[in-house]
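In what follows, a structure is listed as structure tokens, so that the remarks can point back to it.
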Amino acid sequence: MRRFDGQVAIVTGGTSGIGREVCLALAAEGARVVVSGTDEARGEATCEAARAEGGIARFAGARLNRVEDCHRLVDGVLEREGAIDVLVNAAGVFEVGATPETAEAAWDRMSDVNLKGLFFTGQRALTVMAGRGSGVVVNISSIGALVGAPGIAAYCAIKGGVEALTRAWAVEFAPQGVRVNAVAPGNVETPMNAQMMARPEHLATILERTPLGRNGRPHEIAGAVLYLAGPEAQFVTGASLVVDGGWTAQ
Ligand SMILES: NC(=O)c1ccc[n+]([C@@H]2O[C@H](COP(=O)([O-])OP(=O)(O)OC[C@H]3O[C@@H](n4cnc5c(N)ncnc54)[C@H](O)[C@@H]3O)[C@@H](O)[C@H]2O)c1
């Protein structure tokens, strides 16, 4: 018996980085995984990798900047799979910019996906889960929600919203048997920050500042997501699990 046997899981941002590893881990643990993202070729590649490990996965493309698309994704899964047991909100956009230089468009690009899209995808899924009396949501926030860093104030503020939303949803949906938690990653090697990490001086600063002395790997975040989504965490809701090599501890 695997941890997610027979369960249907949607993973937004499942075509890349952290979301991709979450898809592979859920599929390996028996879930029927709906891999969502904007890039079909990458989505199909994720599904292929999941199947190679004996899992079940299919791609569902969605741009989560618009409410209708968030709802359409959830409705489509419900129609095709008949249930939604797990939603992992991993889709995200990251833009660097000092506060004086942050344009409205950059704020909108990040908040539309990272917070608004997450809210309206969750809204639909939570309504379905609450109606059925069970379900789990895991939101990917960031240590940027917990500690400041120069040049990413807008991202930090928006991820702070994800943490607040996690707690609010946990309290709102607990009476209906639905759990909502977050994982707050530190610096993880994914396409999102590959350019930044390719700058030796930047990488050196990050590694020096990280007690464990290295960046995280996507599968290490996936491990935390599966714990929160799974049966071992049945008494855990409204929590944020920091996975950051000790960054926020010092
Ligand atoms: N990599 C890190 O160091 C790090 C640290 C903290 C938090 N995070 C968060 O983890 C999550 C995953 O990031 P990642 O590092 O794997 O990045 P990534 O760039 O590898 O993946 C981002 C995913 O989001 C999806 N996405 C982007 N715009 C979208 C849109 N408009 N509609 C739907 N999907 C869209 C992409 O298709 C992709 O699947 C994000 O929420 C990110 O903010 C990442």
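By order of appearance in the structure tokens: chains A, B, ..., then residues from 1 within every chain, and ligands from 1 in the order shown.
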
Checklist entry - In range 122-186 of chain A, what's alpha helix (DSSP H) per DSSP? Answer as a ChimeraX atom specification? => result /A:122-132,153-173

Print the selection's residues with N, CA and C atoms to a file, as a compact mmCIF listing (two decimals), in the first residue's frame.
```txt
# COMPACT_ATOMS: atom_id res chain seq x y z
N GLY A 122 -7.33 27.50 -5.58
CA GLY A 122 -7.69 26.94 -4.28
C GLY A 122 -9.16 27.12 -3.96
N GLN A 123 -9.70 28.27 -4.33
CA GLN A 123 -11.13 28.53 -4.05
C GLN A 123 -12.00 27.41 -4.61
N ARG A 124 -11.75 27.07 -5.88
CA ARG A 124 -12.58 26.05 -6.53
C ARG A 124 -12.33 24.67 -5.91
N ALA A 125 -11.06 24.34 -5.72
CA ALA A 125 -10.73 23.01 -5.19
C ALA A 125 -11.23 22.85 -3.76
N LEU A 126 -11.07 23.89 -2.95
CA LEU A 126 -11.51 23.81 -1.55
C LEU A 126 -13.02 23.68 -1.45
N THR A 127 -13.74 24.32 -2.36
CA THR A 127 -15.20 24.21 -2.35
C THR A 127 -15.60 22.76 -2.61
N VAL A 128 -14.91 22.13 -3.58
CA VAL A 128 -15.19 20.72 -3.89
C VAL A 128 -14.83 19.83 -2.70
N MET A 129 -13.63 20.05 -2.14
CA MET A 129 -13.17 19.23 -1.01
C MET A 129 -14.10 19.40 0.19
N ALA A 130 -14.50 20.63 0.47
CA ALA A 130 -15.36 20.89 1.63
C ALA A 130 -16.71 20.19 1.45
N GLY A 131 -17.19 20.19 0.22
CA GLY A 131 -18.48 19.52 -0.07
C GLY A 131 -18.39 18.02 0.19
N ARG A 132 -17.21 17.47 0.00
CA ARG A 132 -17.03 16.03 0.16
C ARG A 132 -16.55 15.67 1.57
N ALA A 153 11.44 42.84 -2.65
CA ALA A 153 10.38 43.23 -1.71
C ALA A 153 8.99 42.82 -2.21
N ALA A 154 8.74 43.00 -3.50
CA ALA A 154 7.40 42.67 -4.03
C ALA A 154 7.15 41.17 -3.91
N TYR A 155 8.14 40.38 -4.28
CA TYR A 155 8.02 38.91 -4.16
C TYR A 155 7.78 38.51 -2.71
N CYS A 156 8.54 39.13 -1.78
CA CYS A 156 8.39 38.81 -0.35
C CYS A 156 6.97 39.13 0.11
N ALA A 157 6.46 40.29 -0.29
CA ALA A 157 5.12 40.71 0.14
C ALA A 157 4.06 39.74 -0.37
N ILE A 158 4.21 39.34 -1.62
CA ILE A 158 3.22 38.45 -2.25
C ILE A 158 3.29 37.07 -1.61
N LYS A 159 4.48 36.58 -1.33
CA LYS A 159 4.61 35.28 -0.65
C LYS A 159 4.12 35.37 0.80
N GLY A 160 4.25 36.55 1.41
CA GLY A 160 3.65 36.74 2.74
C GLY A 160 2.15 36.54 2.69
N GLY A 161 1.55 36.97 1.59
CA GLY A 161 0.12 36.74 1.39
C GLY A 161 -0.22 35.27 1.31
N VAL A 162 0.67 34.49 0.71
CA VAL A 162 0.44 33.03 0.61
C VAL A 162 0.45 32.40 2.00
N GLU A 163 1.37 32.85 2.85
CA GLU A 163 1.42 32.32 4.22
C GLU A 163 0.14 32.69 4.99
N ALA A 164 -0.28 33.94 4.87
CA ALA A 164 -1.49 34.38 5.58
C ALA A 164 -2.72 33.62 5.07
N LEU A 165 -2.77 33.44 3.76
CA LEU A 165 -3.89 32.73 3.14
C LEU A 165 -3.93 31.27 3.62
N THR A 166 -2.76 30.67 3.77
CA THR A 166 -2.68 29.28 4.24
C THR A 166 -3.34 29.15 5.61
N ARG A 167 -3.00 30.08 6.51
CA ARG A 167 -3.58 30.03 7.86
C ARG A 167 -5.08 30.29 7.81
N ALA A 168 -5.48 31.27 7.01
CA ALA A 168 -6.91 31.62 6.94
C ALA A 168 -7.73 30.46 6.39
N TRP A 169 -7.23 29.83 5.32
CA TRP A 169 -7.94 28.68 4.74
C TRP A 169 -7.97 27.50 5.72
N ALA A 170 -6.86 27.30 6.43
CA ALA A 170 -6.80 26.17 7.38
C ALA A 170 -7.93 26.30 8.40
N VAL A 171 -8.11 27.52 8.91
CA VAL A 171 -9.14 27.75 9.92
C VAL A 171 -10.54 27.65 9.29
N GLU A 172 -10.69 28.21 8.10
CA GLU A 172 -12.01 28.23 7.45
C GLU A 172 -12.48 26.83 7.08
N PHE A 173 -11.54 25.96 6.65
CA PHE A 173 -11.97 24.66 6.10
C PHE A 173 -11.74 23.48 7.04
```

Distance table requested - chain A against ligand 1, cut-off 7 Å, only C-alpha atoms and all ligand atoms: one row per qualifying residue with the closest atom pair and its distance in Å to one decimal, ordered by chain and rising residue number, as JSON lines.
```
{"residue": "A:Thr12", "atom": "CA", "partner": "ligand 1", "partner_atom_place_in_ligand_line": "34 (N)", "distance": 6.2}
{"residue": "A:Gly13", "atom": "CA", "partner": "ligand 1", "partner_atom_place_in_ligand_line": "39 (O)", "distance": 3.2}
{"residue": "A:Gly14", "atom": "CA", "partner": "ligand 1", "partner_atom_place_in_ligand_line": "39 (O)", "distance": 4.9}
{"residue": "A:Thr15", "atom": "CA", "partner": "ligand 1", "partner_atom_place_in_ligand_line": "39 (O)", "distance": 4.1}
{"residue": "A:Ser16", "atom": "CA", "partner": "ligand 1", "partner_atom_place_in_ligand_line": "20 (O)", "distance": 4.2}
{"residue": "A:Gly17", "atom": "CA", "partner": "ligand 1", "partner_atom_place_in_ligand_line": "16 (O)", "distance": 3.4}
{"residue": "A:Ile18", "atom": "CA", "partner": "ligand 1", "partner_atom_place_in_ligand_line": "16 (O)", "distance": 3.8}
{"residue": "A:Gly19", "atom": "CA", "partner": "ligand 1", "partner_atom_place_in_ligand_line": "16 (O)", "distance": 5.6}
{"residue": "A:Gly37", "atom": "CA", "partner": "ligand 1", "partner_atom_place_in_ligand_line": "37 (O)", "distance": 4.0}
{"residue": "A:Thr38", "atom": "CA", "partner": "ligand 1", "partner_atom_place_in_ligand_line": "37 (O)", "distance": 4.4}
{"residue": "A:Asp39", "atom": "CA", "partner": "ligand 1", "partner_atom_place_in_ligand_line": "37 (O)", "distance": 5.9}
{"residue": "A:Ala62", "atom": "CA", "partner": "ligand 1", "partner_atom_place_in_ligand_line": "33 (C)", "distance": 5.5}
{"residue": "A:Arg63", "atom": "CA", "partner": "ligand 1", "partner_atom_place_in_ligand_line": "32 (N)", "distance": 3.5}
{"residue": "A:Leu64", "atom": "CA", "partner": "ligand 1", "partner_atom_place_in_ligand_line": "32 (N)", "distance": 3.8}
{"residue": "A:Asn65", "atom": "CA", "partner": "ligand 1", "partner_atom_place_in_ligand_line": "31 (N)", "distance": 5.1}
{"residue": "A:Ala90", "atom": "CA", "partner": "ligand 1", "partner_atom_place_in_ligand_line": "11 (C)", "distance": 4.5}
{"residue": "A:Ala91", "atom": "CA", "partner": "ligand 1", "partner_atom_place_in_ligand_line": "24 (O)", "distance": 3.4}
{"residue": "A:Gly92", "atom": "CA", "partner": "ligand 1", "partner_atom_place_in_ligand_line": "41 (O)", "distance": 3.6}
{"residue": "A:Val93", "atom": "CA", "partner": "ligand 1", "partner_atom_place_in_ligand_line": "27 (C)", "distance": 5.4}
{"residue": "A:Phe94", "atom": "CA", "partner": "ligand 1", "partner_atom_place_in_ligand_line": "43 (O)", "distance": 6.0}
{"residue": "A:Val113", "atom": "CA", "partner": "ligand 1", "partner_atom_place_in_ligand_line": "31 (N)", "distance": 5.4}
{"residue": "A:Asn114", "atom": "CA", "partner": "ligand 1", "partner_atom_place_in_ligand_line": "41 (O)", "distance": 6.2}
{"residue": "A:Ile140", "atom": "CA", "partner": "ligand 1", "partner_atom_place_in_ligand_line": "41 (O)", "distance": 5.3}
{"residue": "A:Ser141", "atom": "CA", "partner": "ligand 1", "partner_atom_place_in_ligand_line": "7 (C)", "distance": 5.6}
{"residue": "A:Ser142", "atom": "CA", "partner": "ligand 1", "partner_atom_place_in_ligand_line": "6 (C)", "distance": 4.0}
{"residue": "A:Ile143", "atom": "CA", "partner": "ligand 1", "partner_atom_place_in_ligand_line": "6 (C)", "distance": 6.3}
{"residue": "A:Ala184", "atom": "CA", "partner": "ligand 1", "partner_atom_place_in_ligand_line": "6 (C)", "distance": 6.3}
{"residue": "A:Pro185", "atom": "CA", "partner": "ligand 1", "partner_atom_place_in_ligand_line": "6 (C)", "distance": 4.4}
{"residue": "A:Gly186", "atom": "CA", "partner": "ligand 1", "partner_atom_place_in_ligand_line": "5 (C)", "distance": 5.0}
{"residue": "A:Asn187", "atom": "CA", "partner": "ligand 1", "partner_atom_place_in_ligand_line": "3 (O)", "distance": 3.7}
{"residue": "A:Val188", "atom": "CA", "partner": "ligand 1", "partner_atom_place_in_ligand_line": "3 (O)", "distance": 3.7}
{"residue": "A:Glu189", "atom": "CA", "partner": "ligand 1", "partner_atom_place_in_ligand_line": "1 (N)", "distance": 5.7}
{"residue": "A:Thr190", "atom": "CA", "partner": "ligand 1", "partner_atom_place_in_ligand_line": "15 (O)", "distance": 4.7}
{"residue": "A:Pro191", "atom": "CA", "partner": "ligand 1", "partner_atom_place_in_ligand_line": "20 (O)", "distance": 4.5}
{"residue": "A:Met192", "atom": "CA", "partner": "ligand 1", "partner_atom_place_in_ligand_line": "19 (O)", "distance": 3.7}
{"residue": "A:Asn193", "atom": "CA", "partner": "ligand 1", "partner_atom_place_in_ligand_line": "1 (N)", "distance": 5.8}
```

How about saving the chosen residues, N, CA, C and O atoms kept, as a compact mmCIF listing (two decimals), in the first residue's frame?
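This is the output file part-v2.txt:
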```txt
# COMPACT_ATOMS: atom_id res chain seq x y z
N THR A 12 -0.06 22.45 -9.65
CA THR A 12 0.20 23.59 -10.53
C THR A 12 1.71 23.83 -10.55
O THR A 12 2.40 23.53 -9.57
N GLY A 13 2.22 24.33 -11.66
CA GLY A 13 3.67 24.46 -11.77
C GLY A 13 4.35 23.10 -11.83
O GLY A 13 5.54 22.97 -11.54
N GLY A 14 3.61 22.10 -12.26
CA GLY A 14 4.14 20.74 -12.27
C GLY A 14 5.07 20.43 -13.42
O GLY A 14 5.62 19.34 -13.50
N THR A 15 5.26 21.42 -14.30
CA THR A 15 6.08 21.17 -15.48
C THR A 15 7.56 21.46 -15.26
O THR A 15 8.37 21.23 -16.14
N SER A 16 7.90 21.99 -14.09
CA SER A 16 9.29 22.44 -13.90
C SER A 16 9.67 22.44 -12.42
O SER A 16 8.80 22.52 -11.54
N GLY A 17 10.96 22.37 -12.16
CA GLY A 17 11.51 22.61 -10.83
C GLY A 17 10.85 21.84 -9.70
O GLY A 17 10.74 20.61 -9.74
N ILE A 18 10.42 22.56 -8.68
CA ILE A 18 9.85 21.96 -7.47
C ILE A 18 8.56 21.20 -7.81
O ILE A 18 8.37 20.05 -7.39
N GLY A 19 7.68 21.83 -8.58
CA GLY A 19 6.40 21.19 -8.92
C GLY A 19 6.60 19.87 -9.65
O GLY A 19 5.90 18.88 -9.41
N GLY A 37 0.63 23.34 -15.96
CA GLY A 37 1.69 24.32 -16.25
C GLY A 37 1.38 24.98 -17.58
O GLY A 37 0.34 24.74 -18.20
N THR A 38 2.33 25.81 -18.03
CA THR A 38 2.09 26.57 -19.25
C THR A 38 2.77 25.94 -20.47
O THR A 38 2.44 26.29 -21.59
N ASP A 39 3.70 25.03 -20.24
CA ASP A 39 4.50 24.49 -21.34
C ASP A 39 4.15 23.02 -21.56
O ASP A 39 4.51 22.15 -20.76
N ALA A 62 -2.62 25.17 -18.24
CA ALA A 62 -3.43 26.27 -17.70
C ALA A 62 -2.53 27.46 -17.42
O ALA A 62 -1.45 27.30 -16.87
N ARG A 63 -3.00 28.65 -17.81
CA ARG A 63 -2.31 29.89 -17.41
C ARG A 63 -3.11 30.42 -16.24
O ARG A 63 -4.28 30.78 -16.42
N LEU A 64 -2.48 30.48 -15.09
CA LEU A 64 -3.25 30.76 -13.87
C LEU A 64 -3.28 32.25 -13.51
O LEU A 64 -3.42 32.60 -12.35
N ASN A 65 -3.17 33.12 -14.52
CA ASN A 65 -3.28 34.56 -14.26
C ASN A 65 -4.73 34.99 -14.21
O ASN A 65 -5.04 36.07 -13.73
N ALA A 90 2.12 25.08 -6.75
CA ALA A 90 3.56 25.34 -6.90
C ALA A 90 3.86 26.32 -8.03
O ALA A 90 5.02 26.70 -8.20
N ALA A 91 2.85 26.71 -8.81
CA ALA A 91 3.12 27.66 -9.91
C ALA A 91 3.62 28.96 -9.33
O ALA A 91 3.11 29.43 -8.31
N GLY A 92 4.62 29.52 -9.95
CA GLY A 92 5.13 30.78 -9.43
C GLY A 92 6.01 31.51 -10.41
O GLY A 92 6.57 30.93 -11.34
N VAL A 93 6.12 32.82 -10.17
CA VAL A 93 6.95 33.70 -10.99
C VAL A 93 7.81 34.51 -10.02
O VAL A 93 7.32 34.93 -8.97
N PHE A 94 9.08 34.71 -10.38
CA PHE A 94 10.01 35.42 -9.49
C PHE A 94 10.70 36.50 -10.29
O PHE A 94 11.28 36.21 -11.34
N VAL A 113 -0.05 35.36 -10.58
CA VAL A 113 0.17 33.91 -10.52
C VAL A 113 0.33 33.45 -9.07
O VAL A 113 -0.37 32.55 -8.60
N ASN A 114 1.26 34.11 -8.36
CA ASN A 114 1.67 33.62 -7.03
C ASN A 114 0.59 33.75 -5.97
O ASN A 114 0.58 32.99 -5.01
N ILE A 140 3.05 26.40 -1.95
CA ILE A 140 4.50 26.67 -1.89
C ILE A 140 4.67 28.18 -1.67
O ILE A 140 4.34 28.98 -2.57
N SER A 141 5.15 28.55 -0.51
CA SER A 141 5.42 29.97 -0.26
C SER A 141 6.91 30.22 -0.48
O SER A 141 7.45 29.84 -1.50
N SER A 142 7.59 30.79 0.48
CA SER A 142 9.03 31.07 0.33
C SER A 142 9.54 31.60 1.66
O SER A 142 8.78 32.21 2.43
N ILE A 143 10.84 31.42 1.91
CA ILE A 143 11.40 32.08 3.10
C ILE A 143 11.35 33.60 2.95
O ILE A 143 11.44 34.31 3.94
N ALA A 184 7.75 26.43 2.91
CA ALA A 184 8.51 27.65 2.61
C ALA A 184 9.95 27.26 2.26
O ALA A 184 10.78 27.05 3.15
N PRO A 185 10.24 27.14 0.96
CA PRO A 185 11.61 26.76 0.58
C PRO A 185 12.59 27.92 0.71
O PRO A 185 12.23 29.08 0.54
N GLY A 186 13.83 27.55 0.97
CA GLY A 186 14.93 28.50 0.84
C GLY A 186 15.41 28.49 -0.60
O GLY A 186 14.60 28.36 -1.53
N ASN A 187 16.70 28.62 -0.81
CA ASN A 187 17.23 28.64 -2.19
C ASN A 187 17.32 27.22 -2.73
O ASN A 187 18.03 26.39 -2.18
N VAL A 188 16.59 26.97 -3.80
CA VAL A 188 16.51 25.64 -4.38
C VAL A 188 16.94 25.73 -5.84
O VAL A 188 16.56 26.68 -6.54
N GLU A 189 17.73 24.75 -6.28
CA GLU A 189 18.22 24.77 -7.67
C GLU A 189 17.11 24.40 -8.64
O GLU A 189 16.75 23.23 -8.76
N THR A 190 16.55 25.40 -9.30
CA THR A 190 15.51 25.18 -10.32
C THR A 190 15.72 26.19 -11.44
O THR A 190 16.48 27.16 -11.28
N PRO A 191 15.00 26.04 -12.56
CA PRO A 191 15.14 27.03 -13.63
C PRO A 191 14.82 28.46 -13.19
O PRO A 191 15.33 29.42 -13.75
N MET A 192 13.98 28.58 -12.12
CA MET A 192 13.57 29.91 -11.66
C MET A 192 14.76 30.79 -11.27
O MET A 192 14.79 31.98 -11.54
N ASN A 193 15.74 30.19 -10.61
CA ASN A 193 16.86 31.03 -10.14
C ASN A 193 18.21 30.61 -10.75
O ASN A 193 19.26 31.00 -10.26
```

Checklist entry - Could you pull the residues within 10 Å of Glu81 in chain A, counting only C-alpha atoms, minus those fewer than 2 positions along the same chain, as a count of residues only? => result 12

Next on the checklist: From a backbone DSSP assignment, name each residue in range 57-160 of chain A labelled strand (DSSP E), as a VMD selection string.
Outcome noted: chain A and resid 57 to 61 86 to 89 135 to 140

Dump as a CSV table (one decimal), in the first residue's frame, selection limited to all heavy atoms:
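Done, and the output landed in selection.csv:
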```
chain,number,residue,atom,x,y,z
A,57,ALA,N,0.1,9.8,-14.8
A,57,ALA,CA,0.1,11.2,-14.8
A,57,ALA,C,-0.4,11.7,-16.2
A,57,ALA,O,-0.2,11.0,-17.2
A,57,ALA,CB,1.5,11.7,-14.6
A,58,ARG,N,-1.1,12.8,-16.2
A,58,ARG,CA,-1.5,13.5,-17.4
A,58,ARG,C,-1.3,15.0,-17.3
A,58,ARG,O,-1.4,15.5,-16.2
A,58,ARG,CB,-2.9,13.1,-17.9
A,58,ARG,CG,-4.0,13.7,-17.0
A,58,ARG,CD,-5.4,13.4,-17.6
A,58,ARG,NE,-6.4,13.9,-16.8
A,58,ARG,CZ,-6.9,15.2,-16.8
A,58,ARG,NH1,-6.3,16.0,-17.7
A,58,ARG,NH2,-7.8,15.6,-16.0
A,59,PHE,N,-1.1,15.6,-18.5
A,59,PHE,CA,-0.9,17.1,-18.5
A,59,PHE,C,-2.2,17.8,-18.7
A,59,PHE,O,-3.1,17.4,-19.4
A,59,PHE,CB,0.1,17.4,-19.7
A,59,PHE,CG,0.3,18.9,-19.8
A,59,PHE,CD1,1.0,19.6,-18.9
A,59,PHE,CD2,-0.2,19.5,-21.0
A,59,PHE,CE1,1.1,21.0,-19.1
A,59,PHE,CE2,0.0,20.9,-21.2
A,59,PHE,CZ,0.6,21.6,-20.2
A,60,ALA,N,-2.4,18.9,-17.9
A,60,ALA,CA,-3.5,19.8,-18.2
A,60,ALA,C,-2.9,21.2,-18.2
A,60,ALA,O,-2.6,21.8,-17.1
A,60,ALA,CB,-4.5,19.7,-17.0
A,61,GLY,N,-2.8,21.8,-19.4
A,61,GLY,CA,-2.3,23.1,-19.5
A,61,GLY,C,-3.2,24.2,-18.9
A,61,GLY,O,-4.4,24.1,-19.0
A,86,VAL,N,-5.9,16.1,-3.5
A,86,VAL,CA,-4.7,16.9,-3.2
A,86,VAL,C,-4.6,18.0,-4.2
A,86,VAL,O,-4.6,17.7,-5.4
A,86,VAL,CB,-3.5,16.0,-3.1
A,86,VAL,CG1,-2.2,16.8,-2.8
A,86,VAL,CG2,-3.6,14.8,-2.1
A,87,LEU,N,-4.4,19.2,-3.7
A,87,LEU,CA,-4.0,20.3,-4.6
A,87,LEU,C,-2.6,20.8,-4.1
A,87,LEU,O,-2.5,21.2,-2.9
A,87,LEU,CB,-5.0,21.4,-4.6
A,87,LEU,CG,-4.6,22.7,-5.3
A,87,LEU,CD1,-4.3,22.5,-6.8
A,87,LEU,CD2,-5.6,23.8,-5.0
A,88,VAL,N,-1.6,20.8,-4.9
A,88,VAL,CA,-0.3,21.5,-4.6
A,88,VAL,C,-0.2,22.7,-5.5
A,88,VAL,O,-0.1,22.6,-6.7
A,88,VAL,CB,0.8,20.5,-4.8
A,88,VAL,CG1,2.2,21.2,-4.5
A,88,VAL,CG2,0.7,19.2,-4.0
A,89,ASN,N,-0.1,23.9,-4.9
A,89,ASN,CA,0.0,25.1,-5.6
A,89,ASN,C,1.5,25.5,-5.7
A,89,ASN,O,2.0,26.1,-4.8
A,89,ASN,CB,-0.8,26.2,-4.9
A,89,ASN,CG,-2.3,26.1,-5.1
A,89,ASN,OD1,-2.7,26.0,-6.2
A,89,ASN,ND2,-3.1,26.1,-4.0
A,135,GLY,N,-9.9,16.4,2.0
A,135,GLY,CA,-9.0,17.0,1.0
A,135,GLY,C,-7.8,17.7,1.7
A,135,GLY,O,-7.8,18.0,2.9
A,136,VAL,N,-6.8,17.9,0.9
A,136,VAL,CA,-5.5,18.6,1.4
A,136,VAL,C,-5.0,19.6,0.3
A,136,VAL,O,-5.0,19.2,-0.9
A,136,VAL,CB,-4.4,17.5,1.6
A,136,VAL,CG1,-3.2,18.1,2.2
A,136,VAL,CG2,-4.9,16.4,2.5
A,137,VAL,N,-4.6,20.7,0.8
A,137,VAL,CA,-4.0,21.7,0.0
A,137,VAL,C,-2.6,22.0,0.6
A,137,VAL,O,-2.5,22.2,1.8
A,137,VAL,CB,-4.8,23.0,-0.1
A,137,VAL,CG1,-4.0,24.1,-0.9
A,137,VAL,CG2,-6.2,22.7,-0.8
A,138,VAL,N,-1.6,22.0,-0.3
A,138,VAL,CA,-0.3,22.5,0.1
A,138,VAL,C,0.2,23.6,-0.8
A,138,VAL,O,0.2,23.5,-2.0
A,138,VAL,CB,0.8,21.4,0.0
A,138,VAL,CG1,2.2,21.9,0.5
A,138,VAL,CG2,0.4,20.2,0.9
A,139,ASN,N,0.4,24.8,-0.2
A,139,ASN,CA,0.9,26.0,-1.0
A,139,ASN,C,2.4,26.1,-0.8
A,139,ASN,O,3.0,26.0,0.3
A,139,ASN,CB,0.3,27.2,-0.4
A,139,ASN,CG,-1.3,27.2,-0.5
A,139,ASN,OD1,-1.8,26.8,-1.5
A,139,ASN,ND2,-1.9,27.7,0.5
A,140,ILE,N,3.1,26.4,-2.0
A,140,ILE,CA,4.5,26.7,-1.9
A,140,ILE,C,4.7,28.2,-1.7
A,140,ILE,O,4.3,29.0,-2.6
A,140,ILE,CB,5.2,26.2,-3.2
A,140,ILE,CG1,4.9,24.8,-3.5
A,140,ILE,CG2,6.7,26.4,-3.0
A,140,ILE,CD1,5.3,23.7,-2.4
```

Checklist entry - If we count only C-alpha atoms, what is near Val96 in chain A at a cut-off of 10 Å, once residues fewer than 3 positions away on the same chain are taken out, given as an MDAnalysis selection string? => result chainID A and resid 99 101:102 106 150:155 196

Next on the checklist: Using only C-alpha atoms, which protein or nucleic acid residues come within 9 Å of Gln250 in chain A? Drop anything in the same chain fewer than 4 positions from it, and give the result as a list in words.
Outcome noted: Arg209, Thr210, Pro211 and Gly246 of chain A

Save out the residues we just selected, all heavy atoms, as a PDB file, in the first residue's frame.
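Result written to again_30.pdb:
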```
ATOM      1  N   ARG A 209      25.879  32.176   3.465  1.00  0.00           N
ATOM      2  CA  ARG A 209      24.776  32.598   4.351  1.00  0.00           C
ATOM      3  C   ARG A 209      23.902  31.407   4.785  1.00  0.00           C
ATOM      4  O   ARG A 209      23.042  31.526   5.642  1.00  0.00           O
ATOM      5  CB  ARG A 209      23.966  33.647   3.559  1.00  0.00           C
ATOM      6  CG  ARG A 209      22.663  34.118   4.088  1.00  0.00           C
ATOM      7  CD  ARG A 209      22.851  35.158   5.192  1.00  0.00           C
ATOM      8  NE  ARG A 209      21.566  35.651   5.663  1.00  0.00           N
ATOM      9  CZ  ARG A 209      20.728  34.948   6.415  1.00  0.00           C
ATOM     10  NH1 ARG A 209      21.007  33.733   6.765  1.00  0.00           N
ATOM     11  NH2 ARG A 209      19.581  35.475   6.819  1.00  0.00           N
ATOM     12  N   THR A 210      24.122  30.235   4.144  1.00  0.00           N
ATOM     13  CA  THR A 210      23.276  29.067   4.425  1.00  0.00           C
ATOM     14  C   THR A 210      24.012  28.114   5.362  1.00  0.00           C
ATOM     15  O   THR A 210      25.055  27.570   4.979  1.00  0.00           O
ATOM     16  CB  THR A 210      22.930  28.316   3.106  1.00  0.00           C
ATOM     17  OG1 THR A 210      22.429  29.267   2.171  1.00  0.00           O
ATOM     18  CG2 THR A 210      21.903  27.224   3.343  1.00  0.00           C
ATOM     19  N   PRO A 211      23.510  27.900   6.595  1.00  0.00           N
ATOM     20  CA  PRO A 211      24.240  27.041   7.546  1.00  0.00           C
ATOM     21  C   PRO A 211      24.615  25.682   6.965  1.00  0.00           C
ATOM     22  O   PRO A 211      25.722  25.206   7.217  1.00  0.00           O
ATOM     23  CB  PRO A 211      23.248  26.921   8.703  1.00  0.00           C
ATOM     24  CG  PRO A 211      22.541  28.235   8.692  1.00  0.00           C
ATOM     25  CD  PRO A 211      22.359  28.562   7.234  1.00  0.00           C
ATOM     26  N   GLY A 246      18.670  25.978   6.965  1.00  0.00           N
ATOM     27  CA  GLY A 246      18.980  26.752   8.164  1.00  0.00           C
ATOM     28  C   GLY A 246      18.995  28.263   7.969  1.00  0.00           C
ATOM     29  O   GLY A 246      19.258  29.014   8.905  1.00  0.00           O
TER      30      GLY A 246
END
```

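For the pair CA of Gly6 in chain A and CA of Gly238 in chain A, the separation is 25.1 Å.
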
Next on the checklist: Give me the residues near Ala224 in chain A as a ChimeraX atom specification, where near means some atom within 9 Å (using only C-alpha atoms) and where sequence neighbours in that chain fewer than 6 positions away do not count.
Outcome noted: /A:183,241-243

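CA of Ser134 in chain A to CA of Glu220 in chain A spans 26.2 Å [interatomic distance, one decimal].
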
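Going from CA of Trp247 in chain A to CA of Glu201 in chain A covers 18.0 Å.
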
Item to check | A:Val236, A:His219, A:Asp5, A:Leu146 ranked by distance to Cys23 in chain A, top pick (using only C-alpha atoms) | outcome: A:His219
